[in-house]
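Participant: Here it is, the structure, as structure tokens.
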Amino acid sequence: MGCQGDAESWFVEPAEPVFWFRLPPPKSLSREWFEKNVLPCLDLSSLPVEDQLVTYVNHIVSQIGAALQPLVGRWAKMLITGGGRHNDTLRDWIQGRLQELEIQIVEASLAVIVDFKGALIFGYLGLLCFWERKMLRVNKRVPLNRASVGVCIFRLGWQPLIALDWCYAKNWTRILIWEVKAHSAKDGLNSLAIIGAILAYFGALYGISRITGKEANEASYFRGNRASPWYVVAFGMIGASLSGVTFISVPGWVGTSAFSYLQMVLGYLIGYVVIAEVLIPLYYRHNLTSIYGYLGQRFGRCTYSTGAAFFLVSRVIGASFRLFLVALVFNLVFERLGFQVPFFVPVLISVALISVYTRRGGIKTVVWTDTLQTACLLSAALLSVVWILQRLDLPVSHLWSTVATSPHASIWVWDWQAPNHLVKHLLSGAFIAIVMTGLDQDMMQKNLTCRTASESQKNIYWFCVILVLANVLFLTLGVLLYHFGEAQGIVMLNGTTGGSLEIKDPGTGEWIARGTDELYPILAMDYLDSWVMLTFTLGLIAAAYSSADSALTALTTSFCVDFLKFELQSQLESDRRKTRERVQFGFATLIFVTIVVFERINDQAVIQSIFKVAGFTYGPLLGLYSFGLLTERSVRDSWVPTVCVMAPSLTYLADRFLPLWVDFEFGFLVLLMNGALTFFGLWFISRPRKPSDTGPWSAHWSSWSDR
């Protein structure tokens with residue numbers, strides 16, 4: 001059809017200056033480029049279709065001739081392949097333009113292979129990925145991160161496929177194919193090694209559970225037989241207090257808030273002194289299994305149930321969120337192995353494993369498994385520090401000077417309007433420690449497994465020392481991560497966008513906006529040594545599991561003791577064990593469903609909001625215990641649930657809208673405000689204690705006030 005038309009010279013001239021034609025080969029034109037830049041010119045020409053076709057064929061021949069003319073004399077033959085070989089007019093015109101070259105056409109017997117050579121090449125790349133677990137990169141500058149053909153196509157784009165067509169006609173195929181290398185992911189460490197390490201880790205957890213679960217009974221599950229060594233409890237509590245969120249977040253915070261988080265850690269110490277000197281003697285004196293028993297005997301049944309219910313809600317959401325992070329890590333491992341696994345599979349595996357190794361021993365098992373998990377957590381951070389120092393060619397003796405001279409090493413913040421002001425952090429840290437440790441069944445259940453109150457107090461004080469050192473370690477790791485990223489030119493902190501990061505993508509070389517929470521994971525997975533990736537994965541899993549396993553045990557304990565009244569029943573030991581196992585299975589199922597719901601929501605902002613709302617449940621606990629310990633007033637028990645719902649609701653509204661009118665940010669002080677509103681609400685529904693208001697807790701008040 002094009003042979004019947006007349007070529008128009010007007011089209012050749014406007015297309016010549018297009019920048020693309022000046023680029024060096026190999027290169028190609030996509031269909032989208034043709035539709036955007038060529039078709040509009042042809043449509044505006046009002047030429048017959050025959051003239052449009054012959055005009056553009058003439059243009060193609062002109063460009064091919066210009067590109068190949070410098071090679072005339074060096075080559076004697078030229079092979080035409082691909083879809084263009086079927087166009088006789090195009091072939092003849094090229095031959096007429098380049099008469100010095102002998103045009104050769106692919107034989108008919110090879111036509112099918114040649115026509116589909118792109119599919120064959122990428123099929124071969126896919127087999128390499130699947131069989132040999134290899135990654136692919138082109139020209140040694142575009143490393144790929146996933147062993148799958150789909151990502152190969154995405155990372156390489158369609159251009160290499162088209163470039164193979166173009167280069168084959170110009171004898172450049174040989175060069176490009178030589179530069180397509182295959183290399184193992186992370187210098188030889190593949191995901192099978194990670195799977196093996198994870199299996200060994202879980203095997204160790206199960207082995208501990210077998211040892212600690214021998215001859216276990218209800219006292220073992222709920223109290224650990226009050227026989228746990230205090231130093232084991234102190235060390236293991238680090239893993240529970242440093243969750244997976246903290247493991248990831250604290251190093252990244254260094255870029256936006258430097259070492260100011262250490263102010264809050266110092267505030268923790270104040271709170272732990274209160275726990276050691278006030279709450280632990282109180283719990284031991286009254287031989288409590290569930291710490292919320294205090295609320296029942298001090299105020300009444302409604303208050304007791306309200307406090308326990310707030311704990312259940314916050315712990316279910318918190319444990320689900322932490323295991324949600326672990327499930328994401330498992331999914332990444334499965335993807336690197338080349339398997340497409342539904343999201344619920346790693347979630348089910350995680351929840352099932354926790355249920356299996358805590359089913360018999362309960363808190364007695366958790367005390368010892370937390371020790372292993374804390375060791376993995378701290379080892380991951382410590383080894384990361386060592387490897388980064390090696391990559392930076394810095395001796396360990398220069399660690400202190402490197403951190404001290406870093407712009408990210410400042411600690412104190414004196415701007416009153418800042419959410420991380422020194423006073424705000426000290427107060428927030430103190431009350432966070434009191435509430436999330438001293439008023440939390442999960443954390444205190446471990447402390448109550450010590451033999452005596454004095455040993456439990458000793459455990460708290462040594463835990464404080466280890467906690468400070470652990471947080472300094474993670475902050476130091478953050479400084480080194482930023483130092484490494486900036487030295488390698490792969491990390492750029494952008495303070496104008498709310499403290500976000502820009503990290504260079506290893507595949508495309510583009511700068512991509514990231515949150516500070518992504519600093520440690522991305523560098524560990526893509527830029528640091530393979531063993532850093534392995535230890536990071538184990539550390540994250542250990543951090544999440546140390547929180548989740550104790551949470552499942554504490555949820556079961558609280559429900560059995562606070563709602564099913566185990567301590568008041570006279571059932572047989574076997575019947576109580578069956579009931580407890582059903583309760584644990586129910587909470588494990590609830591956590592599983594909650595995690596799947598998080599994944600279905602698929603909106604990080606929504607999930608973070610849910611997690612934040614769960615944090616507001618600690619405010620009423622702070623108000624209830626403060627009112628009970630600091631006053632002798634009696635409350636209207638049936639009104640307490642209303643107060644405990646209204647206080648966090650008002651706190652949330654104030655935190656959400658008050659900064660719009662007043663130049664002040666509450667930061668972590670929302671916990672203090674929440675507790676204060678609960679306290680004043682309880683005062684409003686209370687009356688002075690009458691002489692007739694006697695009970696088991698009147699003795700408690702006298703003994704505590706005499707301290």
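Here, A, B, ... name the chains of the structure tokens in the order displayed, residue numbers run from 1 inside each chain, and ligands are numbered from 1 in the same displayed order.
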Skipping near chain neighbours, those fewer than 5 positions away, what residues fall within 12 Å of A:Thr374 using only C-alpha atoms, listed as a PDB file with C-alpha atoms, in the first residue's frame?

Facilitator:
ATOM      1  CA  VAL A 232      17.230 -13.732  83.835  1.00  0.00           C
ATOM      2  CA  VAL A 233      14.044 -11.682  84.150  1.00  0.00           C
ATOM      3  CA  ALA A 234      15.989  -8.417  84.011  1.00  0.00           C
ATOM      4  CA  PHE A 235      17.807  -9.360  80.819  1.00  0.00           C
ATOM      5  CA  GLY A 236      14.749 -10.878  79.131  1.00  0.00           C
ATOM      6  CA  MET A 237      12.586  -7.804  79.769  1.00  0.00           C
ATOM      7  CA  ILE A 238      14.774  -5.818  77.349  1.00  0.00           C
ATOM      8  CA  GLY A 239      13.419  -7.786  74.423  1.00  0.00           C
ATOM      9  CA  ALA A 240       9.835  -7.218  75.544  1.00  0.00           C
ATOM     10  CA  SER A 241      10.309  -3.482  76.096  1.00  0.00           C
ATOM     11  CA  LEU A 242      12.171  -2.957  72.797  1.00  0.00           C
ATOM     12  CA  SER A 243       9.523  -4.073  70.328  1.00  0.00           C
ATOM     13  CA  GLY A 244      10.002  -4.578  66.603  1.00  0.00           C
ATOM     14  CA  PHE A 247      14.121  -1.951  66.731  1.00  0.00           C
ATOM     15  CA  VAL A 366       8.384 -16.840  78.287  1.00  0.00           C
ATOM     16  CA  VAL A 367      10.925 -15.705  80.907  1.00  0.00           C
ATOM     17  CA  TRP A 368      13.567 -17.966  79.336  1.00  0.00           C
ATOM     18  CA  THR A 369      12.615 -17.507  75.683  1.00  0.00           C
ATOM     19  CA  SER A 379      23.533  -9.064  68.884  1.00  0.00           C
ATOM     20  CA  ALA A 380      21.896  -7.832  65.678  1.00  0.00           C
ATOM     21  CA  ALA A 381      22.468  -4.199  66.626  1.00  0.00           C
ATOM     22  CA  ILE A 466      20.688  -2.637  80.613  1.00  0.00           C
ATOM     23  CA  LEU A 467      17.870  -0.582  79.061  1.00  0.00           C
ATOM     24  CA  ALA A 470      20.633  -0.908  74.841  1.00  0.00           C
ATOM     25  CA  LEU A 538      16.598 -12.387  63.149  1.00  0.00           C
ATOM     26  CA  GLY A 539      16.757  -9.292  65.356  1.00  0.00           C
ATOM     27  CA  LEU A 540      13.458  -7.976  64.042  1.00  0.00           C
ATOM     28  CA  ILE A 541      11.767 -11.345  64.500  1.00  0.00           C
ATOM     29  CA  ALA A 542      13.190 -11.660  68.006  1.00  0.00           C
ATOM     30  CA  ALA A 543      11.991  -8.164  68.936  1.00  0.00           C
ATOM     31  CA  ALA A 544       8.468  -8.850  67.706  1.00  0.00           C
ATOM     32  CA  TYR A 545       8.207 -12.351  69.160  1.00  0.00           C
ATOM     33  CA  SER A 546       9.499 -11.324  72.580  1.00  0.00           C
ATOM     34  CA  SER A 547       6.558  -8.921  72.778  1.00  0.00           C
TER      35      SER A 547
END

Participant: Set the distance at 9 Å and use only C-alpha atoms: which residues neighbour A:Val468 once local chain neighbours fewer than 3 positions away are removed? I'd like the list as number ranges by chain.

Facilitator: A: 262, 265-266, 269, 463-465, 471-473

Participant: Can I get the selected residues back with N, CA, C and O atoms, as a PDB file, in the first residue's frame?

Facilitator:
ATOM      1  N   LEU A 262      17.181   9.950  74.122  1.00  0.00           N
ATOM      2  CA  LEU A 262      17.816   9.558  75.380  1.00  0.00           C
ATOM      3  C   LEU A 262      17.207  10.302  76.565  1.00  0.00           C
ATOM      4  O   LEU A 262      17.236   9.808  77.695  1.00  0.00           O
ATOM      5  N   VAL A 265      14.491   8.149  77.708  1.00  0.00           N
ATOM      6  CA  VAL A 265      15.034   6.978  78.395  1.00  0.00           C
ATOM      7  C   VAL A 265      15.396   7.330  79.835  1.00  0.00           C
ATOM      8  O   VAL A 265      15.151   6.536  80.760  1.00  0.00           O
ATOM      9  N   LEU A 266      15.946   8.530  80.050  1.00  0.00           N
ATOM     10  CA  LEU A 266      16.241   8.963  81.416  1.00  0.00           C
ATOM     11  C   LEU A 266      14.951   9.141  82.212  1.00  0.00           C
ATOM     12  O   LEU A 266      14.911   8.887  83.428  1.00  0.00           O
ATOM     13  N   LEU A 269      13.788   5.955  83.776  1.00  0.00           N
ATOM     14  CA  LEU A 269      14.423   5.578  85.041  1.00  0.00           C
ATOM     15  C   LEU A 269      13.621   6.083  86.228  1.00  0.00           C
ATOM     16  O   LEU A 269      13.500   5.400  87.254  1.00  0.00           O
ATOM     17  N   PHE A 463      17.577  -3.979  85.265  1.00  0.00           N
ATOM     18  CA  PHE A 463      16.930  -3.788  83.973  1.00  0.00           C
ATOM     19  C   PHE A 463      17.109  -2.349  83.490  1.00  0.00           C
ATOM     20  O   PHE A 463      17.313  -2.107  82.293  1.00  0.00           O
ATOM     21  N   CYS A 464      17.047  -1.390  84.397  1.00  0.00           N
ATOM     22  CA  CYS A 464      17.255   0.023  84.026  1.00  0.00           C
ATOM     23  C   CYS A 464      18.637   0.232  83.416  1.00  0.00           C
ATOM     24  O   CYS A 464      18.788   0.939  82.405  1.00  0.00           O
ATOM     25  N   VAL A 465      19.643  -0.366  84.025  1.00  0.00           N
ATOM     26  CA  VAL A 465      21.011  -0.210  83.521  1.00  0.00           C
ATOM     27  C   VAL A 465      21.124  -0.791  82.106  1.00  0.00           C
ATOM     28  O   VAL A 465      21.657  -0.149  81.190  1.00  0.00           O
ATOM     29  N   ASN A 471      19.563   1.270  74.551  1.00  0.00           N
ATOM     30  CA  ASN A 471      19.104   2.413  73.762  1.00  0.00           C
ATOM     31  C   ASN A 471      20.278   3.228  73.231  1.00  0.00           C
ATOM     32  O   ASN A 471      20.218   3.751  72.109  1.00  0.00           O
ATOM     33  N   VAL A 472      21.339   3.353  74.018  1.00  0.00           N
ATOM     34  CA  VAL A 472      22.541   4.029  73.522  1.00  0.00           C
ATOM     35  C   VAL A 472      23.115   3.265  72.327  1.00  0.00           C
ATOM     36  O   VAL A 472      23.573   3.861  71.347  1.00  0.00           O
ATOM     37  N   LEU A 473      23.071   1.930  72.394  1.00  0.00           N
ATOM     38  CA  LEU A 473      23.551   1.109  71.287  1.00  0.00           C
ATOM     39  C   LEU A 473      22.748   1.383  70.018  1.00  0.00           C
ATOM     40  O   LEU A 473      23.319   1.567  68.934  1.00  0.00           O
TER      41      LEU A 473
END

Participant: What's around A:Arg97 at 8 Å? Count only C-alpha atoms, leave out sequence neighbours fewer than 5 positions away in its own chain, and write the answer as a PyMOL selection string.

Facilitator: chain A and resi 61-62+65

Participant: Grab the residues selected above and save them as a compact mmCIF listing (two decimals), in the first residue's frame with N, CA and C atoms.

Facilitator:
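Saved the output as selection18.txt:
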# COMPACT_ATOMS: atom_id res chain seq x y z
N VAL A 61 14.01 4.94 6.81
CA VAL A 61 15.19 4.64 6.01
C VAL A 61 16.24 5.73 6.18
N SER A 62 15.81 6.99 6.21
CA SER A 62 16.74 8.10 6.39
C SER A 62 17.50 8.00 7.70
N GLY A 65 19.85 4.89 7.69
CA GLY A 65 21.00 5.18 6.84
C GLY A 65 21.99 6.11 7.51

Participant: Pull the closest atom pair for each residue of stretch 412-448 of chain A that gets at most 10 Å from stretch 251-259 of chain A, along with the distance in Å to one decimal, counting only C-alpha atoms, ordering rows by chain and then ascending residue number, as CSV.

Facilitator:
residue,atom,partner,partner_atom,distance
A:Trp412,CA,A:Phe259,CA,7.9
A:Val413,CA,A:Ser257,CA,9.1
A:Asn420,CA,A:Ser257,CA,8.1

Participant: Would you pick out the contacts of stretch 438-452 of chain A at 8 Å or less, using only C-alpha atoms, so that residues sharing its chain but fewer than 5 positions from it are not included, and give the list as a PyMOL selection string?

Facilitator: chain A and resi 222-230+233+237+240+272+275+279+283-284+289-292+311+363-364+367+433+459+550-551+553-555+558+621-622

Participant: Can I get the selected residues back with N, CA and C atoms, as an mmCIF file, in the first residue's frame?

Facilitator:
data_model
loop_
_atom_site.group_PDB
_atom_site.id
_atom_site.type_symbol
_atom_site.label_atom_id
_atom_site.label_comp_id
_atom_site.auth_asym_id
_atom_site.auth_seq_id
_atom_site.Cartn_x
_atom_site.Cartn_y
_atom_site.Cartn_z
ATOM 1 N N PHE A 222 0.823 -19.186 85.169
ATOM 2 C CA PHE A 222 0.440 -17.847 85.590
ATOM 3 C C PHE A 222 1.538 -17.119 86.371
ATOM 4 N N ARG A 223 2.335 -17.864 87.161
ATOM 5 C CA ARG A 223 3.304 -17.215 88.053
ATOM 6 C C ARG A 223 4.733 -17.711 87.883
ATOM 7 N N GLY A 224 4.952 -18.690 87.042
ATOM 8 C CA GLY A 224 6.295 -19.245 86.914
ATOM 9 C C GLY A 224 6.775 -19.901 88.178
ATOM 10 N N ASN A 225 5.815 -20.359 89.025
ATOM 11 C CA ASN A 225 6.125 -20.984 90.327
ATOM 12 C C ASN A 225 6.898 -20.056 91.256
ATOM 13 N N ARG A 226 6.906 -18.750 90.923
ATOM 14 C CA ARG A 226 7.670 -17.777 91.717
ATOM 15 C C ARG A 226 9.099 -18.284 91.948
ATOM 16 N N ALA A 227 9.730 -18.721 90.859
ATOM 17 C CA ALA A 227 11.070 -19.303 91.001
ATOM 18 C C ALA A 227 12.037 -18.804 89.935
ATOM 19 N N SER A 228 11.709 -17.738 89.219
ATOM 20 C CA SER A 228 12.584 -17.250 88.156
ATOM 21 C C SER A 228 13.763 -16.477 88.738
ATOM 22 N N PRO A 229 14.991 -16.727 88.268
ATOM 23 C CA PRO A 229 16.146 -15.923 88.721
ATOM 24 C C PRO A 229 15.958 -14.466 88.302
ATOM 25 N N TRP A 230 16.218 -13.543 89.191
ATOM 26 C CA TRP A 230 15.945 -12.130 88.914
ATOM 27 C C TRP A 230 16.782 -11.608 87.748
ATOM 28 N N VAL A 233 15.204 -12.541 84.418
ATOM 29 C CA VAL A 233 14.044 -11.682 84.150
ATOM 30 C C VAL A 233 14.499 -10.303 83.687
ATOM 31 N N MET A 237 13.552 -8.898 79.910
ATOM 32 C CA MET A 237 12.586 -7.804 79.769
ATOM 33 C C MET A 237 13.017 -6.787 78.720
ATOM 34 N N ALA A 240 11.255 -7.552 75.510
ATOM 35 C CA ALA A 240 9.835 -7.218 75.544
ATOM 36 C C ALA A 240 9.602 -5.719 75.482
ATOM 37 N N TYR A 272 10.697 3.770 86.640
ATOM 38 C CA TYR A 272 11.052 2.461 87.179
ATOM 39 C C TYR A 272 11.353 2.520 88.675
ATOM 40 N N ILE A 275 7.992 2.191 90.162
ATOM 41 C CA ILE A 275 7.538 0.799 90.069
ATOM 42 C C ILE A 275 8.196 -0.050 91.152
ATOM 43 N N LEU A 279 4.868 -0.029 93.404
ATOM 44 C CA LEU A 279 3.956 -1.021 92.844
ATOM 45 C C LEU A 279 4.372 -2.457 93.156
ATOM 46 N N TYR A 283 2.029 -5.334 94.915
ATOM 47 C CA TYR A 283 1.591 -6.568 94.269
ATOM 48 C C TYR A 283 2.013 -7.799 95.058
ATOM 49 N N TYR A 284 3.216 -7.788 95.602
ATOM 50 C CA TYR A 284 3.690 -8.939 96.368
ATOM 51 C C TYR A 284 2.984 -9.043 97.706
ATOM 52 N N THR A 289 -2.016 -12.345 91.190
ATOM 53 C CA THR A 289 -1.666 -12.983 89.928
ATOM 54 C C THR A 289 -1.925 -12.020 88.780
ATOM 55 N N SER A 290 -3.100 -11.432 88.756
ATOM 56 C CA SER A 290 -3.412 -10.342 87.829
ATOM 57 C C SER A 290 -3.353 -9.035 88.605
ATOM 58 N N ILE A 291 -2.577 -8.099 88.103
ATOM 59 C CA ILE A 291 -2.403 -6.850 88.842
ATOM 60 C C ILE A 291 -3.693 -6.033 88.885
ATOM 61 N N TYR A 292 -4.673 -6.365 88.042
ATOM 62 C CA TYR A 292 -5.922 -5.601 88.038
ATOM 63 C C TYR A 292 -6.857 -6.044 89.158
ATOM 64 N N PHE A 311 -6.854 -3.228 79.150
ATOM 65 C CA PHE A 311 -5.596 -3.922 78.887
ATOM 66 C C PHE A 311 -5.760 -4.909 77.735
ATOM 67 N N ILE A 363 4.132 -18.317 81.351
ATOM 68 C CA ILE A 363 5.080 -17.271 81.711
ATOM 69 C C ILE A 363 6.418 -17.868 82.141
ATOM 70 N N LYS A 364 6.423 -19.096 82.633
ATOM 71 C CA LYS A 364 7.681 -19.744 82.991
ATOM 72 C C LYS A 364 8.541 -19.955 81.743
ATOM 73 N N VAL A 367 9.774 -16.318 80.233
ATOM 74 C CA VAL A 367 10.925 -15.705 80.907
ATOM 75 C C VAL A 367 12.231 -16.159 80.265
ATOM 76 N N ALA A 433 6.788 4.669 81.461
ATOM 77 C CA ALA A 433 7.355 3.520 82.162
ATOM 78 C C ALA A 433 6.391 2.994 83.220
ATOM 79 N N ASN A 459 15.748 -6.838 90.170
ATOM 80 C CA ASN A 459 15.574 -7.059 88.736
ATOM 81 C C ASN A 459 15.252 -5.749 88.023
ATOM 82 N N SER A 550 4.816 -13.051 75.166
ATOM 83 C CA SER A 550 4.398 -12.661 76.511
ATOM 84 C C SER A 550 3.017 -12.017 76.492
ATOM 85 N N ALA A 551 2.681 -11.323 75.383
ATOM 86 C CA ALA A 551 1.352 -10.718 75.274
ATOM 87 C C ALA A 551 0.280 -11.795 75.243
ATOM 88 N N THR A 553 0.435 -14.792 76.511
ATOM 89 C CA THR A 553 0.350 -15.368 77.853
ATOM 90 C C THR A 553 -0.377 -14.436 78.808
ATOM 91 N N ALA A 554 -0.065 -13.129 78.726
ATOM 92 C CA ALA A 554 -0.711 -12.167 79.623
ATOM 93 C C ALA A 554 -2.199 -12.021 79.317
ATOM 94 N N LEU A 555 -2.563 -12.042 78.038
ATOM 95 C CA LEU A 555 -3.982 -11.966 77.670
ATOM 96 C C LEU A 555 -4.741 -13.163 78.234
ATOM 97 N N SER A 558 -4.956 -12.740 82.117
ATOM 98 C CA SER A 558 -5.916 -11.721 82.532
ATOM 99 C C SER A 558 -7.352 -12.195 82.350
ATOM 100 N N LEU A 621 -5.898 3.620 82.857
ATOM 101 C CA LEU A 621 -5.215 2.807 83.873
ATOM 102 C C LEU A 621 -4.364 3.687 84.778
ATOM 103 N N LEU A 622 -3.672 4.680 84.190
ATOM 104 C CA LEU A 622 -2.877 5.600 84.996
ATOM 105 C C LEU A 622 -3.761 6.370 85.957
#

Participant: Where does DSSP see alpha helix (DSSP H) in stretch 354-574 of chain A, if you list the residues as a ChimeraX atom specification?

Facilitator: /A:354-358,363-391,399-404,422-433,441-447,453-487,519-526,530-558,573-574

Participant: Just the residues within 12 Å of A:Tyr201, please, counting only C-alpha atoms, with nothing from its chain fewer than 3 positions along; format it as a list of chain:residue names.

Facilitator: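 My list of contacting residues is A:Ile194, A:Ile195, A:Gly196, A:Ala197, A:Ile198, A:Ala204, A:Leu205, A:Tyr206, A:Gly207, A:Ile208, A:Leu353, A:Thr369, A:Leu372, A:Gln373, A:Ala375, A:Cys376, A:Thr535, A:Thr537, A:Leu538, A:Gly539, A:Ile541, A:Ala542, A:Tyr545.
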
Participant: Using only C-alpha atoms, which residue out of A:Val345, A:Leu653, A:Val635, A:Ala548 lies closest to A:Arg301?

Facilitator: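 Nearest to A:Arg301: A:Val635.
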
Participant: Set the distance at 12 Å and use only C-alpha atoms: which residues neighbour A:Val347 once local chain neighbours fewer than 2 positions away are removed? I'd like the list as a PyMOL selection string.

Facilitator: chain A and resi 320-331+341-345+349-354+588-599

Participant: For a quick check of understanding, using only C-alpha atoms, which of A:Phe431, A:Phe563, A:Phe657, A:Tyr520 has the smallest distance to A:Gly478?

Facilitator: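 Smallest distance to A:Gly478 is found for A:Tyr520.
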
Participant: Which residues of stretch 422-489 of chain A sit at most 10 Å from stretch 401-404 of chain A, using only C-alpha atoms? Give each one's shortest atom pair and distance in Å (one decimal place), in chain and ascending residue order, as JSON lines.

Facilitator:
{"residue": "A:Leu475", "atom": "CA", "partner": "A:Val403", "partner_atom": "CA", "distance": 9.5}
{"residue": "A:Thr476", "atom": "CA", "partner": "A:Val403", "partner_atom": "CA", "distance": 6.8}
{"residue": "A:Leu477", "atom": "CA", "partner": "A:Val403", "partner_atom": "CA", "distance": 9.4}
{"residue": "A:Gly478", "atom": "CA", "partner": "A:Val403", "partner_atom": "CA", "distance": 9.7}
{"residue": "A:Val479", "atom": "CA", "partner": "A:Val403", "partner_atom": "CA", "distance": 6.5}
{"residue": "A:Leu480", "atom": "CA", "partner": "A:Val403", "partner_atom": "CA", "distance": 7.6}
{"residue": "A:His483", "atom": "CA", "partner": "A:Thr402", "partner_atom": "CA", "distance": 9.0}

Participant: Please run DSSP on the backbone and report, as a PyMOL selection string, all residues within stretch 398-575 of chain A that come out as strand (DSSP E or B).

Facilitator: chain A and resi 450+491-494+500-504+511-514

Participant: Counting only C-alpha atoms, which residue out of A:Glu277, A:Ser530, A:Glu502, A:Ala319 sits closest to A:Ser384?

Facilitator: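 Closest to A:Ser384 of all the choices is A:Ser530.
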
Participant: What gap, in Å, lies between atom CA of A:Leu677 and atom CA of A:Val643?

Facilitator: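 Computing the Euclidean distance for atom CA of A:Leu677 and atom CA of A:Val643 yields 8.6 Å.
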